[in-house]
There are 2 protein chains.
Amino acid sequence: MREFDLIARLTAGLPSNPSVLVGPGDDCAVLENVGGDRVLLFKTDAVVEGIHFTSETDPRLVGRKALARCLSDIAAMAGTPTAALITLGLPAEHDPAKLDAVYAGISELASRHQVAIVGGETTTNPGRMLISIALLGWAPRNRVPLRGGARVGDALFVTGTLGGSLPERHLTFDPRLEEARWLAEHFRVGAMIDLSDGLAGDLRHVLLASKVGAELLAAAIPISRQARLAARTSSSAKPALVSALTDGEDFELLFTVPSAEAVPLHDAWRKEFPDLKLSCIGRIVPGAGITLRDKHGSRKLEAHGYVHFQQP
Amino acid sequence: MREFDLIARLTAGLPSNPSVLVGPGDDCAVLENVGGDRVLLFKTDAVVEGIHFTSETDPRLVGRKALARCLSDIAAMAGTPTAALITLGLPAEHDPAKLDAVYAGISELASRHQVAIVGGETTTNPGRMLISIALLGWAPRNRVPLRGGARVGDALFVTGTLGGSLPERHLTFDPRLEEARWLAEHFRVGAMIDLSDGLAGDLRHVLLASKVGAELLAAAIPISRQARLAARTSSSAKPALVSALTDGEDFELLFTVPSAEAVPLHDAWRKEFPDLKLSCIGRIVPGAGITLRDKHGSRKLEAHGYVHFQQP
């Protein structure tokens, strides 16, 4: 192990943690096995210039977002992230300061969640920057909430507020790692997913995997201030509720618990996370697809979250 | 084609293995922990159109190469690969048949080495195809040969023949997984690395990490038939020995053992791997850098290996 220690010291600078036996600089990273009654979580996610960010986006936030998206997926499994590898595709002509800023954004967020950066590579990708992050983590063996775990009668919850993430929040969101672990530890979480495609789209993934349907209460859906503002500013904008249902990149948690746990969860949440809204937005029902209930009655939401609404 | 349909089609029938608890389709892949007295190995590697292959390259071989490069790094740690995630960056307009062929090339090689494909994603990368693979594996805790493990007096060995990989072998090489595990199990392997940048360049990585020098015997360096042919065909081509020293992408193993093990290793190797050449090409000496000895005497080797990307 002396050799492992030496190399770890030589490659200092990037965030590390006690799971790292060999960090950047050898053929592979070498990590402590998670052992005990745990399972491994493994995820990659890529962001591409012109698709997930623009050439004008603060490169520090680009790096931050690239890692945050992966962390959000580990959160959706109520897991603990441990180590990441970074792949940077760069145009032949690139600004080294920009690259440093990308790494700084990744490193800051990694440090905050005790994630080690254990290596990666830089390769040429003419025309645009691309950042792909591979992330490793773990979770207790019998406490991994999958998409297929929703049951008829379950209450459906969402953290935070939804919609209007595009101008800023998609770059600055906090992955709900702590909240997810607390949930899985204290309540019988059935299904859980992080909201990347929009509430309606991601809920559909859960419903398909669980072979159930859902009824949403329109009045209970937490609409973000940004979505409300956008709806007010322009007559051509989506209604705010449609934003909350269909805008992507909220990166909040959507999950189910048995209905008997809904009230105890609400009470415990308010004590544990007083600054983060938690909303019960509906329930799991027999059948398939999403039904939306508002003061005008009930109607089926169409595929992939696109809804035809009359302005109220 | 929509992303979800595309992923569903690509992930149908991917290779799996008993370590996979949850494969493609949830927020993360969930894998059995390796447990026992083992450590985790973690690696990513990307290939980019126009850099590592051309638009004319057989897409099946492109996929094969993308995975084989990562497998070669696990081999360099004498490890066993278990699970991979595939990231595909694709131009907006792409041929689905080409994509299927890339996946087929990856899957064939993965199956051969019992590697599960546990997920991944496709993203738009205008202008060119990019394939990044994240690979997980394991090795016995106290038997991971690092780059820093070479000691003065050690014998220096290389598998196979070197140079001239570019026209074909860089696409079809076999990662030396079985050979590397056998070596680490039966002999005291000091340092080990896979040859991606060329013998001279990769040996330098070992020497720097181990704080030693090396003396190479020119006559002992195994030159490939392709390198010899190329040197003969054109008067402007590199001499064959220079090809063997500096051409990249051989993906053979370079390693050290204590000198007392050199002869027993040679004998045992010939029985175990009769079809793969093993050459003792020199020894580890005090100091730094590479000295080349031939019939004209000794000289310091200045030539760096072919470097196609920088490790961060």
# chains A, B, ... in the order shown; residues from 1 in each chain; ligands from 1
>>> calpha_fit_rmsd(fixed="chain A", moving="chain B")
5.5 Å
>>> residues_around(residues="B:Leu217", least_positions_apart="5", cutoff="7 Å", atoms="only C-alpha atoms", output="list of chain:residue names")
B:Ile281, B:Gly282, B:Leu292, B:Arg293, B:Asp294
>>> write_last_selection(atoms="N, CA and C atoms", output="compact mmCIF listing (two decimals), in the first residue's frame")
# COMPACT_ATOMS: atom_id res chain seq x y z
N ILE B 281 13.57 -7.29 -23.48
CA ILE B 281 14.16 -6.25 -24.33
C ILE B 281 15.19 -5.39 -23.61
N GLY B 282 15.44 -5.67 -22.34
CA GLY B 282 16.44 -4.85 -21.65
C GLY B 282 16.30 -4.98 -20.15
N LEU B 292 19.78 3.14 -25.54
CA LEU B 292 19.61 2.08 -26.54
C LEU B 292 20.98 1.51 -26.87
N ARG B 293 21.13 0.18 -26.75
CA ARG B 293 22.42 -0.44 -27.08
C ARG B 293 22.29 -1.23 -28.37
N ASP B 294 23.16 -0.93 -29.34
CA ASP B 294 23.22 -1.75 -30.55
C ASP B 294 24.68 -2.01 -30.89
>>> interface_residues(of="chain A", to="chain B", cutoff="6 Å", atoms="only C-alpha atoms", output="list in words")
Asp27, Cys28, Ala29, Val30, Leu31, Glu32, Asn33, Gly35, Val39, Leu40, Leu41, Phe42, Lys43, Asp73, Glu121, Thr122 and Thr123 of chain A
>>> residues_around(residues="B:Thr291", least_positions_apart="6", cutoff="7 Å", atoms="only C-alpha atoms", output="MDAnalysis selection string")
chainID B and resid 214:216 298:301
>>> write_last_selection(atoms="N, CA and C atoms", output="PDB file, in the first residue's frame")
ATOM      1  N   ALA B 214      16.304   2.926 -18.015  1.00  0.00           N
ATOM      2  CA  ALA B 214      16.244   1.618 -18.666  1.00  0.00           C
ATOM      3  C   ALA B 214      17.287   1.535 -19.768  1.00  0.00           C
ATOM      4  N   GLU B 215      17.840   0.334 -19.930  1.00  0.00           N
ATOM      5  CA  GLU B 215      18.726   0.083 -21.055  1.00  0.00           C
ATOM      6  C   GLU B 215      18.031  -0.914 -21.971  1.00  0.00           C
ATOM      7  N   LEU B 216      17.818  -0.518 -23.225  1.00  0.00           N
ATOM      8  CA  LEU B 216      17.167  -1.400 -24.196  1.00  0.00           C
ATOM      9  C   LEU B 216      18.219  -1.999 -25.127  1.00  0.00           C
ATOM     10  N   SER B 298      26.277   2.459 -27.269  1.00  0.00           N
ATOM     11  CA  SER B 298      25.127   2.918 -26.486  1.00  0.00           C
ATOM     12  C   SER B 298      24.821   4.372 -26.791  1.00  0.00           C
ATOM     13  N   ARG B 299      23.570   4.728 -26.883  1.00  0.00           N
ATOM     14  CA  ARG B 299      23.228   6.149 -26.955  1.00  0.00           C
ATOM     15  C   ARG B 299      21.894   6.392 -26.257  1.00  0.00           C
ATOM     16  N   LYS B 300      21.763   7.604 -25.813  1.00  0.00           N
ATOM     17  CA  LYS B 300      20.542   8.032 -25.127  1.00  0.00           C
ATOM     18  C   LYS B 300      19.426   8.173 -26.167  1.00  0.00           C
ATOM     19  N   LEU B 301      18.277   7.671 -25.857  1.00  0.00           N
ATOM     20  CA  LEU B 301      17.147   7.782 -26.783  1.00  0.00           C
ATOM     21  C   LEU B 301      16.398   9.086 -26.496  1.00  0.00           C
TER      22      LEU B 301
END
>>> select_by_dssp(residues="stretch 94-269 of chain A", states="helix (DSSP H, G or I)", output="count of residues only")
76
>>> atom_distance(atom1="atom CA of A:Glu302", atom2="atom CA of A:Arg225")
25.0 Å
>>> residues_around(residues="A:Asn17", least_positions_apart="3", cutoff="7 Å", atoms="only C-alpha atoms", output="PyMOL selection string")
chain A and resi 20+114-116
>>> write_last_selection(atoms="C-alpha atoms", output="CSV table (one decimal), in the first residue's frame")
chain,number,residue,atom,x,y,z
A,20,VAL,CA,-9.0,6.3,-3.6
A,114,GLN,CA,-16.7,14.2,-1.0
A,115,VAL,CA,-16.4,12.9,-4.6
A,116,ALA,CA,-12.8,12.1,-5.7
>>> atom_distance(atom1="atom CA of A:Glu56", atom2="atom CA of A:Arg112")
25.7 Å
>>> atom_distance(atom1="atom CA of A:Leu183", atom2="atom CA of A:Val257")
9.5 Å
>>> select_by_dssp(residues="stretch 116-202 of chain B", states="strand (DSSP E or B)", output="list in words")
Ala116, Ile117, Val118, Gly119, Gly120, Glu121, Thr122, Thr123, Thr124, Leu130, Ile131, Ser132, Ile133, Ala134, Leu135, Leu136, Gly137, Trp138, Ala139, Pro140, Ala155, Leu156, Phe157, Val158, Thr159, Leu162, Met192, Ile193 and Asp194 of chain B
>>> write_last_selection(atoms="C-alpha atoms", output="short mmCIF file (atom, residue, chain, number, x, y, z; two decimals), in the first residue's frame")
data_model
loop_
_atom_site.label_atom_id
_atom_site.label_comp_id
_atom_site.auth_asym_id
_atom_site.auth_seq_id
_atom_site.Cartn_x
_atom_site.Cartn_y
_atom_site.Cartn_z
CA ALA B 116 -21.77 -6.56 -19.17
CA ILE B 117 -22.99 -3.47 -21.03
CA VAL B 118 -25.09 -1.84 -18.32
CA GLY B 119 -26.24 1.36 -19.98
CA GLY B 120 -25.10 4.57 -21.53
CA GLU B 121 -26.54 7.38 -23.55
CA THR B 122 -26.63 8.92 -26.97
CA THR B 123 -26.15 12.64 -27.38
CA THR B 124 -25.85 14.91 -30.39
CA LEU B 130 -17.52 10.13 -30.68
CA ILE B 131 -17.57 7.00 -28.51
CA SER B 132 -16.60 7.20 -24.87
CA ILE B 133 -16.59 4.03 -22.77
CA ALA B 134 -16.48 3.86 -18.99
CA LEU B 135 -15.29 0.51 -17.70
CA LEU B 136 -15.34 -1.03 -14.25
CA GLY B 137 -13.32 -4.01 -13.08
CA TRP B 138 -11.47 -5.48 -10.13
CA ALA B 139 -8.13 -6.95 -9.11
CA PRO B 140 -6.79 -8.80 -6.06
CA ALA B 155 14.29 -7.45 -16.50
CA LEU B 156 12.06 -5.62 -18.98
CA PHE B 157 9.63 -7.64 -21.11
CA VAL B 158 7.18 -6.91 -23.89
CA THR B 159 4.47 -9.12 -25.41
CA LEU B 162 5.71 -3.66 -32.13
CA MET B 192 3.19 -2.92 -15.99
CA ILE B 193 1.69 -0.64 -18.67
CA ASP B 194 -0.10 -1.20 -21.96
#
>>> residues_around(residues="B:Asp154", least_positions_apart="4", cutoff="6 Å", atoms="only C-alpha atoms", output="number ranges by chain")
B: 256-259, 283-284
>>> write_last_selection(atoms="N, CA and C atoms", output="mmCIF file, in the first residue's frame")
data_model
loop_
_atom_site.group_PDB
_atom_site.id
_atom_site.type_symbol
_atom_site.label_atom_id
_atom_site.label_comp_id
_atom_site.auth_asym_id
_atom_site.auth_seq_id
_atom_site.Cartn_x
_atom_site.Cartn_y
_atom_site.Cartn_z
ATOM 1 N N THR B 256 7.951 -5.393 -15.957
ATOM 2 C CA THR B 256 9.228 -5.795 -15.355
ATOM 3 C C THR B 256 9.006 -6.947 -14.387
ATOM 4 N N VAL B 257 10.031 -7.828 -14.308
ATOM 5 C CA VAL B 257 10.079 -8.835 -13.232
ATOM 6 C C VAL B 257 11.507 -8.829 -12.688
ATOM 7 N N PRO B 258 11.720 -9.296 -11.455
ATOM 8 C CA PRO B 258 13.083 -9.403 -10.944
ATOM 9 C C PRO B 258 13.902 -10.272 -11.908
ATOM 10 N N SER B 259 15.193 -9.944 -12.082
ATOM 11 C CA SER B 259 15.997 -10.637 -13.103
ATOM 12 C C SER B 259 16.035 -12.148 -12.878
ATOM 13 N N ARG B 283 16.840 -3.969 -19.440
ATOM 14 C CA ARG B 283 16.761 -4.037 -17.990
ATOM 15 C C ARG B 283 16.660 -2.637 -17.392
ATOM 16 N N ILE B 284 16.236 -2.623 -16.157
ATOM 17 C CA ILE B 284 16.088 -1.368 -15.424
ATOM 18 C C ILE B 284 17.434 -1.026 -14.797
#
>>> residues_around(residues="stretch 100-108 of chain A", least_positions_apart="2", cutoff="6 Å", atoms="only C-alpha atoms", output="MDAnalysis selection string")
chainID A and resid 59:61 63:64 97:98 110:111
>>> residues_around(residues="B:Leu166", least_positions_apart="6", cutoff="12 Å", atoms="only C-alpha atoms", output="ChimeraX atom specification")
/B:52-53,172-173,196,198,224,226-227,230,243-244,246-251,306
